[in-house]
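S.K.: Just passing along the structure, written as structure tokens.
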Amino acid sequence: MAPLLEIRNLHARVVDGATILKGINLTVNPGEVHAIMGPNGSGKSTLSQVLAGRESYQVTEGQVLFRGKDLLSLAPEERAAAGIFLAFQYPIEIPGVGNLYFLRSALNALRKKRGLEELDAMDFLSVAKEKMKLVEMDQSFLNRSVNEGFSGGEKKRNEVFQMAVLDPLLAVLDETDSGLDIDALRIVAGGVNALRNKERSMLVITHYQRLLDYIVPDVVHVMADGRIVKTGTKALALELEQKGYAWLEGARP
Amino acid sequence: MPAFVRAFGGDPAFAPPWMQALRGKALAHFEQVGLPTQKLEDWKFTSFASVGGVAFEPGPLKHGVTRAHVEALANAWDSLGVVFVNGRLTNELCEWRTAEGVQLLSFEDANRQPALEQGLGLGVALDRQPLAALNTALATDGAVIRIEPGARPRPIHVVYVTSSAKPVAAFPRVYIDAAEGSQASIVQAYVGTGGEKSFTDAVVEVRLGPGAALDLYTQQREPANASHAALVQVNQAAQSRFGSYLLSLGAQLARDEVRVRMEGEGSSCTLHGLYLGAGTQHLDQHTVIEHASPRCTSRELYKGVLDEHAHGVFTGRIWVHAGAQKTDSTQTNKNLLLSDHAQVDTRPQLEIFADDVKCTHGSAVGQLDEAALFYLRSRGIPYAQARGLLTSAFVGEVLDALPLEPLRLRTRELVAGKLGRALA
């Protein structure tokens with residue numbers, strides 16, 4: 001089976017700033033769910049932003065292959081078209097751009113790139129209504145501006161809703177559990193689990209083990225100081241929960 | 001004095017002595033100051049000196065311009081009310097609507113009416129406004145639009161067209177008299193057939209009687225090599241309501257001034273503006289709101305989008321007189337720069353001489369939010385489209401507030417067209 005994502009010796013820094021990623025190696029096969037854990041500042045979120053193509057980071061070394069092809073030369077919208085989706089840790093509020101219009105524009109842009117017919121407003125609405133059920137979202141959200149005035153939980157549900165509509169091959173969930181109470185966490189995780197299948201892979205980035213009770217990973221990686229320092233099964237996450245991150249200090253891949 | 005002024009000499013044959021005197025006085029004032037440049041405080045960022053070097057002529061009377069032509073140029077959805085070709089009222093293209101309570105007269109027809117004699121030029125500071133003085137000196141036949149007391153006519157289109165095979169200068173003049181209790185909308189469009197350089201220097205005077213309501217829409221869509229200056233001078237009686245909705249898209253050099261004096265107690269005004277510049281366009285918005293009476297309300301919102309090497313200017317002066325207690329005034333100016341070479345100067349000027357007032361103002365200059373742009377692109381929306389979405393969202397606030405629905409739809413298209421070109 002050919003891997004979906006291969007990250008080789010990836011180094012990246014903030015443009016004109018500090019180096020954050022110092023040699024990441026990671027392979028994700030189709031259908032696998034990988035969790036990436038680690039303390040604050042270890043580079044977890046930077047990795048997710050670099051994968052999605054954020055221009056404020058600069059890759060200085062290494063490569064990333066997605067379905068065997070170079071990912072790093074692609075613009076963010078081309079990565080989305082290739083099948084990458086990033087659920088943001090802090091979804092952006094965009095006043096004046098309607099949620100429905102935004103998401104239809106996005107889906108149609110992807111469909112166009114993939115040689116599919118664009119959906120008209122009516123067809124899109126029925127797709128949207130169907131997918132909203134996954135995260136128990138109210139239809140009134142569609143008529144509001146993108147994330148504007150949404151609560152923390154509503155924003156995260158909106159991210160998973162978008163993921164459901166855009167149907168990616170690789171979903172990167174960046175601290176999707178942060179700021180959620182237990183009910184919201186259950187809803188969001190339920191939505192994510194419903195989207196698991198044998199083609200779709202996920203990178204679940206989290207600081208806490210709690211999320212992994214709901215989204216059970218196949219592989220757990222631990223990041224520290226810009227590197228993956230430990231890889232294991234779900235048991236590793238539980239170990240971290242008990243011991244904290246301190247015992248990893250000094251660990252090397 | 002620029003050489004082209006001589007080509008426009010002489011009073012029209014119908015001009016009565018009072019009009020001749022006003023024109024003479026205006027010309028003297030213009031001669032003293034000349035074309036405005038940055039040396040004048042009110043023109044700190046804008047100069048019309050370039051206009052002086054062009055051999056402008058009065059332009060032909062009609063130049064083959066037909067009614068259908070004007071309707072298409074102006075994007076009019078209702079019959080034309082008033083049409084100026086090359087600055088002169090063109091009677092055969094105009095429509096009289098006496099039945100609806102609208103009187104339309106040329107200055108020639110109206111020059112013996114005491115209302116015009118008493119009102120024309122009132123409140124226009126000829127000594128401090130050189131282009132208004134030049135218009136007053138050189139305008140030939142203007143238009144009087146009188147809305148009868150209590151009348152509620154359909155929207156009235158006023159179109160200013162330039163069309164000539166040679167560089168043409170136009171000095172259209174309009175006098176709007178909205179009588180007591182009337183309610184009307186006037187939609188102005190500045191357009192041209194393009195080609196040769198043009199210079200339009202317009203003055204529109206508005207008198208609102210007690211309780212009158214008037215919305216004045218201005219679509220500045222001059223051709224690309226036009227120089228455009230227009231002054232709207234408004235005087236409001238008690239309990240009247242005035243709205244100005246400016247869209248400035250065209251011309252190489254444009255100055256749109258709106259000066260409102262709320263003379264009567266309890267009057268209100270809304271001044272909205274949207275200016276979209278690209279290329280090397282220079283678009284200057286200048287507003288003065290004078291609270292001369294107690295309990296008047298003003299609402300001002302101007303937004304600018306400047307791309308490429310465009311330069312935008314906003315000046316907003318709010319002047320609250322000593323006796324104007326209970327004044328309620330807000331002013332907002334926001335600007336979006338789409339390129340590193342675009343530029344904007346924003347100048348709020350508040351002069352408050354009363355102590356029981358509520359006045360707020362804010363101005364901002366920014367670029368597209370990088371985080372929002374990345375968010376949209378990460379969902380698959382291409383860069384140009386993402387930029388367009390965010391820019392449309394920025395101008396949406398002004399477009400959504402246009403009260404006249406047919407115009408709102410047309411304006412959206414015009415704006416999308418301009419932004420589409422700029423963003424392509």
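Chain labels A, B, ... are given in the sequence in which chains occur in the structure tokens; within each chain residues are numbered consecutively from 1, and ligands are likewise numbered from 1 in the order shown.
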What are the residues of chain A that have an atom within 9 Å of an atom of chain B, counting only C-alpha atoms, as a VMD selection string?
M.R.: chain A and resid 52 to 55 75 to 81 84 to 86 88 91 to 97 102 to 103 105 to 110 162 166
S.K.: Can you tell me which residues surround Val232 in chain B at a distance of at most 9 Å, considering only C-alpha atoms, apart from same-chain residues fewer than 4 positions away, and format the answer as a PyMOL selection string?
M.R.: chain B and resi 202-206+256-260
S.K.: With a distance cut-off of 12 Å and only C-alpha atoms, select the neighbouring residues of range 46-48 of chain A, excluding the residue or stretch itself and same-chain residues fewer than 5 positions from it, and output the selection as a ChimeraX atom specification.
M.R.: /A:7,10-14,18-26,36-37,40-41,53-59,64,84-89,170-175,202-206,223,225-228 /B:378
S.K.: Neighbours of Leu105 in chain B within 12 Å (only C-alpha atoms; same-chain residues fewer than 3 positions away dropped), as an NGL selection string?
M.R.: :B and (81-82 or 89-91 or 94-98 or 102 or 108-113 or 116 or 141-147 or 174-177)
S.K.: Identify all residues of range 1-249 of chain A in strand (DSSP E) (DSSP on the backbone) and supply them as a VMD selection string.
M.R.: chain A and resid 5 to 14 19 to 28 33 to 37 57 to 66 69 to 70 84 to 87 94 to 98 145 to 146 170 to 174 201 to 206 219 to 224 227 to 232
S.K.: Grab the residues selected above and save them as a compact mmCIF listing (two decimals), in the first residue's frame with C-alpha atoms.
M.R.:
```
# COMPACT_ATOMS: atom_id res chain seq x y z
CA LEU A 5 1.57 11.29 3.32
CA GLU A 6 5.32 11.11 3.73
CA ILE A 7 7.17 13.76 5.67
CA ARG A 8 10.93 13.50 5.36
CA ASN A 9 13.37 15.43 7.53
CA LEU A 10 11.17 18.52 7.49
CA HIS A 11 12.72 21.72 8.82
CA ALA A 12 10.73 24.96 8.92
CA ARG A 13 10.93 28.35 10.51
CA VAL A 14 8.88 31.46 10.89
CA THR A 19 13.32 27.60 13.50
CA ILE A 20 10.39 25.56 14.83
CA LEU A 21 10.51 22.23 13.00
CA LYS A 22 13.87 20.51 13.23
CA GLY A 23 13.59 17.32 11.23
CA ILE A 24 10.16 15.69 11.21
CA ASN A 25 9.76 12.20 9.77
CA LEU A 26 6.28 10.78 9.50
CA THR A 27 4.44 8.35 7.23
CA VAL A 28 0.65 8.04 7.15
CA VAL A 33 -5.51 7.97 12.24
CA HIS A 34 -2.33 9.36 13.76
CA ALA A 35 -2.31 11.43 16.90
CA ILE A 36 0.43 13.97 17.49
CA MET A 37 0.88 14.98 21.08
CA TYR A 57 6.38 29.70 7.54
CA GLN A 58 9.34 28.83 5.41
CA VAL A 59 10.53 25.28 4.78
CA THR A 60 14.32 25.23 4.96
CA GLU A 61 15.00 21.54 4.50
CA GLY A 62 13.32 18.23 3.78
CA GLN A 63 10.29 17.28 1.73
CA VAL A 64 6.64 16.34 1.97
CA LEU A 65 5.00 13.94 -0.46
CA PHE A 66 1.25 13.62 -0.75
CA LYS A 69 3.85 14.02 -5.26
CA ASP A 70 5.64 17.06 -3.91
CA ILE A 84 -5.84 18.20 2.34
CA PHE A 85 -8.05 19.83 4.94
CA LEU A 86 -6.92 21.71 8.03
CA ALA A 87 -9.36 22.14 10.90
CA ILE A 94 -14.87 36.72 8.39
CA PRO A 95 -17.59 39.38 8.73
CA GLY A 96 -19.59 40.04 5.58
CA VAL A 97 -18.94 36.65 3.96
CA GLY A 98 -21.89 34.31 4.43
CA SER A 145 -21.09 35.33 8.42
CA VAL A 146 -18.23 32.82 8.57
CA LEU A 170 -6.23 13.88 4.74
CA ALA A 171 -7.76 15.84 7.59
CA VAL A 172 -5.41 17.64 9.94
CA LEU A 173 -7.25 18.46 13.16
CA ASP A 174 -5.31 21.11 15.05
CA SER A 201 -6.48 9.55 6.93
CA MET A 202 -6.32 11.91 9.87
CA LEU A 203 -3.63 13.72 11.81
CA VAL A 204 -5.10 14.54 15.19
CA ILE A 205 -3.05 17.15 17.00
CA THR A 206 -3.77 17.50 20.66
CA VAL A 219 -0.57 5.50 16.00
CA VAL A 220 0.52 8.05 18.60
CA HIS A 221 3.54 10.34 18.11
CA VAL A 222 5.04 12.62 20.67
CA MET A 223 6.69 15.84 19.56
CA ALA A 224 9.23 17.85 21.51
CA ARG A 227 11.00 16.62 16.38
CA ILE A 228 9.02 13.44 16.85
CA VAL A 229 10.70 11.88 19.89
CA LYS A 230 8.52 8.85 20.47
CA THR A 231 6.06 6.77 18.50
CA GLY A 232 3.77 4.10 19.83
```
S.K.: For a test of reading the model, state the distance in Å between CA of Gln220 in chain B and CA of Gln188 in chain B, rounded to one decimal.
M.R.: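 Those two atoms sit 8.3 Å apart.
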S.K.: Return the single residue from A:Phe124, A:Tyr214, A:Tyr245, A:Tyr101 that is closest to Leu185 in chain A, with distances computed using only C-alpha atoms.
M.R.: A:Tyr214
S.K.: Expressed in Å to a single decimal, how great is the separation between CA of His309 in chain B and CA of Lys44 in chain B?
M.R.: 18.8 Å
S.K.: Check the smallest atom-to-atom distance from each of B:Arg6, B:Arg67, B:His228, B:Lys418 to Ala251 in chain B using only C-alpha atoms, then report the winner.
M.R.: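 Smallest separation from Ala251 in chain B among the options: B:His228.
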S.K.: Against range 267-279 of chain B, which residues of range 339-423 of chain B fall within 12 Å? For each one I want the closest pair of atoms and the distance in Å (one decimal), counting only C-alpha atoms, rows by chain and increasing residue number, as a Markdown table.
M.R.:
```
| residue | atom | partner | partner_atom | distance |
| --- | --- | --- | --- | --- |
| B:Ser339 | CA | B:Ala278 | CA | 9.6 |
| B:His341 | CA | B:Gly279 | CA | 10.1 |
| B:Ala342 | CA | B:Ala278 | CA | 8.3 |
| B:Gln343 | CA | B:Gly277 | CA | 10.0 |
| B:Val344 | CA | B:Gly277 | CA | 10.3 |
| B:Thr391 | CA | B:Leu276 | CA | 10.7 |
| B:Ser392 | CA | B:Leu276 | CA | 11.5 |
| B:Phe394 | CA | B:Leu274 | CA | 10.6 |
| B:Val395 | CA | B:Leu274 | CA | 7.5 |
| B:Gly396 | CA | B:Leu274 | CA | 10.1 |
| B:Glu397 | CA | B:Leu274 | CA | 10.1 |
| B:Val398 | CA | B:Leu274 | CA | 7.0 |
| B:Leu399 | CA | B:Leu274 | CA | 8.4 |
| B:Asp400 | CA | B:His272 | CA | 11.3 |
| B:Ala401 | CA | B:His272 | CA | 8.7 |
| B:Leu402 | CA | B:His272 | CA | 8.7 |
| B:Pro403 | CA | B:His272 | CA | 11.2 |
| B:Thr411 | CA | B:Leu274 | CA | 10.5 |
| B:Arg412 | CA | B:Leu274 | CA | 11.5 |
| B:Leu414 | CA | B:Leu276 | CA | 10.6 |
| B:Val415 | CA | B:Leu276 | CA | 8.0 |
| B:Ala416 | CA | B:Leu276 | CA | 10.6 |
| B:Gly417 | CA | B:Leu276 | CA | 11.0 |
| B:Lys418 | CA | B:Leu276 | CA | 7.6 |
| B:Leu419 | CA | B:Leu276 | CA | 7.8 |
| B:Gly420 | CA | B:Ala278 | CA | 11.2 |
| B:Arg421 | CA | B:Ala278 | CA | 9.0 |
| B:Ala422 | CA | B:Ala278 | CA | 6.3 |
| B:Leu423 | CA | B:Ala278 | CA | 9.6 |
```
S.K.: Since we have the selection now, will you write its residues out, keeping N, CA and C atoms, as a CSV table (one decimal), in the first residue's frame?
M.R.:
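Saved to selection_21.csv:
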```
chain,number,residue,atom,x,y,z
B,339,SER,N,-2.7,47.0,-2.6
B,339,SER,CA,-1.3,46.9,-3.2
B,339,SER,C,-0.4,47.8,-2.3
B,341,HIS,N,1.6,49.8,-3.4
B,341,HIS,CA,1.8,51.1,-4.0
B,341,HIS,C,0.6,52.0,-3.8
B,342,ALA,N,-0.5,51.4,-3.4
B,342,ALA,CA,-1.7,52.3,-3.2
B,342,ALA,C,-1.5,53.1,-2.0
B,343,GLN,N,-2.3,54.2,-2.0
B,343,GLN,CA,-2.1,55.2,-0.9
B,343,GLN,C,-3.4,55.8,-0.6
B,344,VAL,N,-3.6,56.2,0.7
B,344,VAL,CA,-4.8,56.9,1.1
B,344,VAL,C,-4.5,57.9,2.2
B,391,THR,N,-12.8,41.5,-0.3
B,391,THR,CA,-13.0,42.9,-0.7
B,391,THR,C,-14.5,43.2,-0.8
B,392,SER,N,-15.3,42.3,-1.4
B,392,SER,CA,-16.7,42.5,-1.5
B,392,SER,C,-17.3,42.6,-0.1
B,394,PHE,N,-15.9,43.8,2.5
B,394,PHE,CA,-15.5,45.1,3.0
B,394,PHE,C,-16.5,46.2,2.5
B,395,VAL,N,-16.8,46.2,1.2
B,395,VAL,CA,-17.7,47.2,0.6
B,395,VAL,C,-19.2,46.9,0.8
B,396,GLY,N,-19.5,45.7,1.2
B,396,GLY,CA,-20.9,45.3,1.4
B,396,GLY,C,-21.7,46.1,2.3
B,397,GLU,N,-21.1,46.6,3.3
B,397,GLU,CA,-21.8,47.5,4.3
B,397,GLU,C,-22.4,48.7,3.7
B,398,VAL,N,-21.6,49.3,2.7
B,398,VAL,CA,-22.1,50.5,2.1
B,398,VAL,C,-23.1,50.1,1.0
B,399,LEU,N,-22.9,49.1,0.3
B,399,LEU,CA,-23.9,48.7,-0.8
B,399,LEU,C,-25.2,48.3,-0.2
B,400,ASP,N,-25.2,47.5,0.9
B,400,ASP,CA,-26.4,47.0,1.5
B,400,ASP,C,-27.2,48.2,2.0
B,401,ALA,N,-26.6,49.3,2.3
B,401,ALA,CA,-27.3,50.5,2.9
B,401,ALA,C,-28.0,51.4,1.8
B,402,LEU,N,-27.8,51.1,0.5
B,402,LEU,CA,-28.4,51.9,-0.5
B,402,LEU,C,-29.9,51.7,-0.5
B,403,PRO,N,-30.7,52.8,-0.2
B,403,PRO,CA,-32.1,52.6,0.0
B,403,PRO,C,-32.9,52.2,-1.3
B,411,THR,N,-25.6,48.9,-8.8
B,411,THR,CA,-24.4,49.4,-8.1
B,411,THR,C,-23.5,48.1,-7.8
B,412,ARG,N,-24.2,47.1,-7.3
B,412,ARG,CA,-23.4,45.9,-7.0
B,412,ARG,C,-22.7,45.4,-8.2
B,414,LEU,N,-21.8,47.1,-10.9
B,414,LEU,CA,-20.7,48.1,-11.2
B,414,LEU,C,-19.5,47.8,-10.3
B,415,VAL,N,-19.7,47.6,-9.1
B,415,VAL,CA,-18.7,47.4,-8.1
B,415,VAL,C,-17.9,46.1,-8.4
B,416,ALA,N,-18.7,45.1,-8.6
B,416,ALA,CA,-18.1,43.8,-8.9
B,416,ALA,C,-17.3,43.8,-10.1
B,417,GLY,N,-17.8,44.6,-11.1
B,417,GLY,CA,-17.0,44.7,-12.4
B,417,GLY,C,-15.7,45.4,-12.1
B,418,LYS,N,-15.8,46.5,-11.4
B,418,LYS,CA,-14.5,47.3,-11.1
B,418,LYS,C,-13.6,46.4,-10.3
B,419,LEU,N,-14.1,45.8,-9.2
B,419,LEU,CA,-13.2,45.0,-8.4
B,419,LEU,C,-12.7,43.8,-9.1
B,420,GLY,N,-13.5,43.2,-10.0
B,420,GLY,CA,-13.1,42.1,-10.8
B,420,GLY,C,-11.9,42.4,-11.7
B,421,ARG,N,-12.0,43.6,-12.3
B,421,ARG,CA,-10.9,44.0,-13.2
B,421,ARG,C,-9.7,44.3,-12.3
B,422,ALA,N,-9.9,45.0,-11.2
B,422,ALA,CA,-8.7,45.3,-10.4
B,422,ALA,C,-8.1,44.1,-9.8
B,423,LEU,N,-8.9,43.0,-9.6
B,423,LEU,CA,-8.3,41.9,-8.9
B,423,LEU,C,-7.8,40.8,-9.9
```
S.K.: Using only C-alpha atoms, which of the listed residues (A:His207, A:Arg186, A:Lys234, A:Arg200) sits closest to Gly43 in chain A?
M.R.: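 Ranking A:His207, A:Arg186, A:Lys234, A:Arg200 by distance to Gly43 in chain A, first place goes to A:His207.
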S.K.: Find the residues near Gly190 in chain A: any atom within 9 Å, counting only C-alpha atoms, skip ones fewer than 6 places away on the same chain, and give them as JSON, numbers by chain.
M.R.: {"A": [134, 135, 214, 215]}
S.K.: For Ala68 in chain B, find every residue with an atom within 10 Å (counting only C-alpha atoms), except residues of its own chain fewer than 6 positions away, and show them as a list of chain:residue names.
M.R.: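 These residues fall inside the cut-off: B:Ala74, B:Ala76, B:Leu80, B:Leu93.
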S.K.: Please provide the set of residues having any atom within 9 Å of Tyr208 in chain A, restricted to only C-alpha atoms, with same-chain residues fewer than 2 positions apart removed, written as a ChimeraX atom specification.
M.R.: /A:37-38,175,177-178,206,210-212,237,240-241
